[in-house]
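Inspection log for the structure reproduced underneath, given as structure tokens.
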Amino acid sequence: MKKLPLSALNTLFAAIAGDRMLYIPADDAAGQGAFTLWKEGMTLSKKGNTNRSAKDLFFPQVENLVSFRTEGKTISIQENREEVAPFAVFGVRACDCRSFDILDRVFLSDPVDTFYQNRRNMGTVISLACSRPEETCFCTAFGIDATDPAGDVTCWMDAENLYWRANTEKGQALTAQLPMLEEGGEEEVSAHQEKTRSILSRLPLAGLDFGFLHDQELMEVFNSPLWDSLSESCLGCGTCTFVCPTCQCYDVEDYDNGREVRRFRCWDSCMYSDFTMMAHGTNRPTQKERFRQRFMHKLVYFPRNNDCLFGCVGCGRCLQKCPIHMNIVKVAKALKEGAK
Amino acid sequence: MRPDPLIPMVGVVTMIRTDTPDVKTFRVTGVDGKKPFLHIPGQCAMLSVPGVGEALFSITSSPTEDYLDFSIKKCGCVTSWLHAMEVGQQITIRGPYGNGFPVDTDFAGKDLLFIAGGIGLAPLHSVIDYCRHYRDRYGKIDIVYGSRSMADLVDFPEITGEWCKEDGINVHLTIDNPEDAWKGHVGFVPNYVKELGFDTGKTVVMCGPPIMIKFTLAGLQELGFRREQVYTTMELRMKCALGKCGRCNIGDKYVCKDGPVFRFDQLDELPDEY
């Protein structure tokens with residue numbers, strides 16, 4: 001364990017940013033926390049979790065895959081992918097750290113998505129233990145310890161110091177470059193964890209149970225009559241999918257700029273009516289089917305294919321952002337009630 | 001750096017055959033004239049026209065040929081573009097995708113009954129030609145193929161000129177409505193299958209419009225066939241074909257990697273969202 005007085009935080013950031021890009025949660029113009037490229041003088045956001053998740057840095061909302069040039073009947077393929085420079089992201093919460101386990105299962109399983117893989121290889125995750133979990137937080141439901149997040153490096157922060165623990169080779173290599181870190185801090189970290197645990201145990205969503213879903217038949221959950229009422233007010237806006245750290249559905253589209261055709265991918269949403277639209281129609285014709293797909297995927301399909309790992313990390317962003325206040329917690333509670 | 005599986009290779013269209021008013025068959029090779037990749041009957045490939053889009057198609061030709069054929073119905077953006085192109089046009093191709101039919105395992109030594117409707121013949125064509133090539137590995141082959149009209153039967157010359165003349169292959173053609181030039185059976189596929197009344201020891205491979213599949217499956221069960229004897233191949237919208245873009249799932253199975261070939265007893269365990 002190492003530590004650093006908060007007054008030296010800027011020096012630490014400057015040192016990390018010396019040979020890589022560094023992203024930290026900073027307040028944007030609207031006063032919301034967002035992972036932002038660090039520059040001298042930037043201060044760390046005092047908000048809870050960031051508005052958008054750390055997923056953005058590894059699986060950006062839009063990225064070019066390849067370009068094509070056509071001349072007459074011939075096509076040439078231009079593999080002009082951007083080189084990913086080394087980067088670090090500071091302040092990733094325990095929930096977002098878990099989201100990488102979920103995204104890794106999708107993108108790093110065979111055949112490997114090399115765009116995501118490159119960013120995972122080049123990125124160093126410096127997590128930050130929670131001090132003030134919010135009332136929308138429910139990471140504990142998925143066995144996530146907000147007081148001891150994963151990542152290449154784990155940090156804690158109290159009123160005086162930042163505490164630093166390297167977890168991986170990548171984290172150790174970074175630590176070796178940071179001489180300003182001093183030894184010590186074990187006791188302070190324990191005290192900090194104790195304080196946070198006490199808050200976690202008193203949160204309104206503490207004790208939330210998703211485990212019952214593992215014991216239910218897929219078709220039983222799928223055919224639940226509750227999906228009608230649960231999905232009734234859904235606007236199909238897709239906000240939940242965009243702020244979600246584990247949503248990974250994407251679209252691939254072409255853009256012809258007159259000189260070349262750029263094939264890019266961008267985030268897509270299962271909540272949209274054209275998500276599964278084919279020339280002869282769609283297999284999810286109403287919002288009920290689309291809504292059900294999102295929750296079945298995270299709570300039933302994904303765990304079935306991934307050793308019971310739920311596709312949700314309890315970050316609470318969808319609880320905060322949904323315009324009609326429908327969310328995965330309400331869905332899980334209703335399904336549990338319905339299963340009795 | 002390793003190429004990403006989303007990055008296609010360039011292919012050349014070396015032959016275009018007009019099969020019906022809205023179906024053409026395209027032969028695709030690499031720019032070097034060689035087959036772009038090896039495949040199993042029932043597998044698919046992503047074809048794209050840069051600037052128009054990319055879509056998944058069944059490979060119609062047998063793996064025993066040194067090219068890839070695709071029988072494609074004109075019904076959307078990409079297919080309309082493909083239908084308008086000329087021989088020599090380059091497109092992009094990546095694949096193969098999906099599980100394919102168990103031609104060398106479950107099908108080996110069996111009597112096979114193929115049932116197809118309209119463009120549903122496309123994915124079965126590869127299996128049929130594979131079984132014809134390795135004729136001694138399979139028992140009797142029956143093929144029931146129906147279409148709206150005589151003009152809508154895909155690859156009619158090959159069917160009548162080759163399939164019908166081979167020993168051990170029985171071809172049963174039908175069209176929906178009578179036509180002056182048509183001497184064969186008239187009527188829908190499900191009823192025709194029941195009329196023909198097959199021996200229930202056969203393994204069935206079926207593809208066609210959903211309504212045909214629904215009633216033919218019911219008819220087969222009336223004849224005494226079990227659902228685990230009947231194979232079909234599915235199609236849903238796909239972007240990656242790698243099990244990652246998240247849209248072609250039926251329950252916890254992805255059509256692109258766990259399918260497109262499923263037995264009906266496997267589909268029974270999944271939501272009917274297809």
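Each chain of the structure tokens is named A, B, ... in the order shown, its residues numbered from 1; ligands are numbered from 1 in display order.
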
Within 10 Å of Ser80 (chain B), counting only C-alpha atoms, which residues show up once you throw out same-chain ones fewer than 6 positions away? Write them as a ChimeraX atom specification, please. /B:22,52,72-74

Please return, as a VMD selection string, all residues of chain B lying within 8 Å of chain A when only C-alpha atoms are considered. chain B and resid 2 to 7 9 to 10 50 to 53 75 to 76 88 to 91 236 to 240 242 to 248 251 to 252 269 to 271 273 to 274

Length of the CA of Phe114 (chain B) to CA of Thr160 (chain B) vector [Å]: 15.8 Å

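Taking CA of Lys47 (chain A) and CA of Asp27 (chain A) as the two end points, the separation is 7.9 Å.
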
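The environment of Leu113 (chain B) within 8 Å, counting only C-alpha atoms and disregarding residues fewer than 2 places along the same chain, consists of Asp111, Ile115, Ile141, Asp142, Ile143, Val144, Lys202, Thr203, Val204 and Val205 of chain B.
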
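Rounded to one decimal, CA of Phe310 (chain A) and CA of Ala241 (chain B) lie 23.2 Å from each other.
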
All residues 12 Å or closer to Gly219 (chain B), only C-alpha atoms, same chain fewer than 4 positions away omitted, as an MDAnalysis selection string: chainID B and resid 188:198 200 212:215 223:227 230

If we count only C-alpha atoms and set the cut-off at 9 Å, which residues sit around region 179-186 of chain A, ignoring sequence neighbours fewer than 4 positions away in its own chain? Please answer as a ChimeraX atom specification. /A:1-5,8,11-12,161-164,175,190-191

Could you save the residues just selected, with N, CA and C atoms, as a PDB file, in the first residue's frame?
```pdb
ATOM      1  N   MET A   1       0.844  -1.205   0.000  1.00  0.00           N
ATOM      2  CA  MET A   1       0.000   0.000   0.000  1.00  0.00           C
ATOM      3  C   MET A   1       0.874   1.248   0.000  1.00  0.00           C
ATOM      4  N   LYS A   2       0.470   2.202  -0.802  1.00  0.00           N
ATOM      5  CA  LYS A   2       1.201   3.469  -0.852  1.00  0.00           C
ATOM      6  C   LYS A   2       0.216   4.600  -0.643  1.00  0.00           C
ATOM      7  N   LYS A   3       0.763   5.775  -0.322  1.00  0.00           N
ATOM      8  CA  LYS A   3      -0.137   6.913  -0.136  1.00  0.00           C
ATOM      9  C   LYS A   3       0.486   8.210  -0.609  1.00  0.00           C
ATOM     10  N   LEU A   4      -0.370   9.215  -0.707  1.00  0.00           N
ATOM     11  CA  LEU A   4       0.052  10.511  -1.239  1.00  0.00           C
ATOM     12  C   LEU A   4      -0.891  11.566  -0.683  1.00  0.00           C
ATOM     13  N   PRO A   5      -0.350  12.673  -0.173  1.00  0.00           N
ATOM     14  CA  PRO A   5      -1.269  13.721   0.300  1.00  0.00           C
ATOM     15  C   PRO A   5      -2.086  14.285  -0.869  1.00  0.00           C
ATOM     16  N   ALA A   8      -0.887  16.803  -3.312  1.00  0.00           N
ATOM     17  CA  ALA A   8       0.060  16.430  -4.377  1.00  0.00           C
ATOM     18  C   ALA A   8      -0.621  15.687  -5.523  1.00  0.00           C
ATOM     19  N   THR A  11       0.377  16.640  -8.981  1.00  0.00           N
ATOM     20  CA  THR A  11       1.701  16.137  -9.354  1.00  0.00           C
ATOM     21  C   THR A  11       1.606  14.694  -9.818  1.00  0.00           C
ATOM     22  N   LEU A  12       0.773  13.926  -9.110  1.00  0.00           N
ATOM     23  CA  LEU A  12       0.584  12.524  -9.471  1.00  0.00           C
ATOM     24  C   LEU A  12      -0.029  12.422 -10.870  1.00  0.00           C
ATOM     25  N   ASN A 161      -5.586  12.051   2.264  1.00  0.00           N
ATOM     26  CA  ASN A 161      -4.678  11.330   1.373  1.00  0.00           C
ATOM     27  C   ASN A 161      -5.386  10.538   0.280  1.00  0.00           C
ATOM     28  N   LEU A 162      -4.573  10.210  -0.720  1.00  0.00           N
ATOM     29  CA  LEU A 162      -4.957   9.203  -1.703  1.00  0.00           C
ATOM     30  C   LEU A 162      -4.151   7.959  -1.343  1.00  0.00           C
ATOM     31  N   TYR A 163      -4.800   6.800  -1.356  1.00  0.00           N
ATOM     32  CA  TYR A 163      -4.093   5.542  -1.081  1.00  0.00           C
ATOM     33  C   TYR A 163      -4.071   4.723  -2.356  1.00  0.00           C
ATOM     34  N   TRP A 164      -2.997   3.991  -2.565  1.00  0.00           N
ATOM     35  CA  TRP A 164      -2.719   3.397  -3.880  1.00  0.00           C
ATOM     36  C   TRP A 164      -2.226   1.964  -3.724  1.00  0.00           C
ATOM     37  N   THR A 175       3.204   2.098 -11.092  1.00  0.00           N
ATOM     38  CA  THR A 175       3.615   2.512  -9.747  1.00  0.00           C
ATOM     39  C   THR A 175       5.121   2.831  -9.699  1.00  0.00           C
ATOM     40  N   SER A 190      -8.429   0.771   5.852  1.00  0.00           N
ATOM     41  CA  SER A 190      -9.375  -0.065   6.601  1.00  0.00           C
ATOM     42  C   SER A 190     -10.484   0.776   7.213  1.00  0.00           C
ATOM     43  N   ALA A 191     -10.102   1.898   7.774  1.00  0.00           N
ATOM     44  CA  ALA A 191     -11.088   2.789   8.407  1.00  0.00           C
ATOM     45  C   ALA A 191     -12.052   3.334   7.348  1.00  0.00           C
TER      46      ALA A 191
END
```
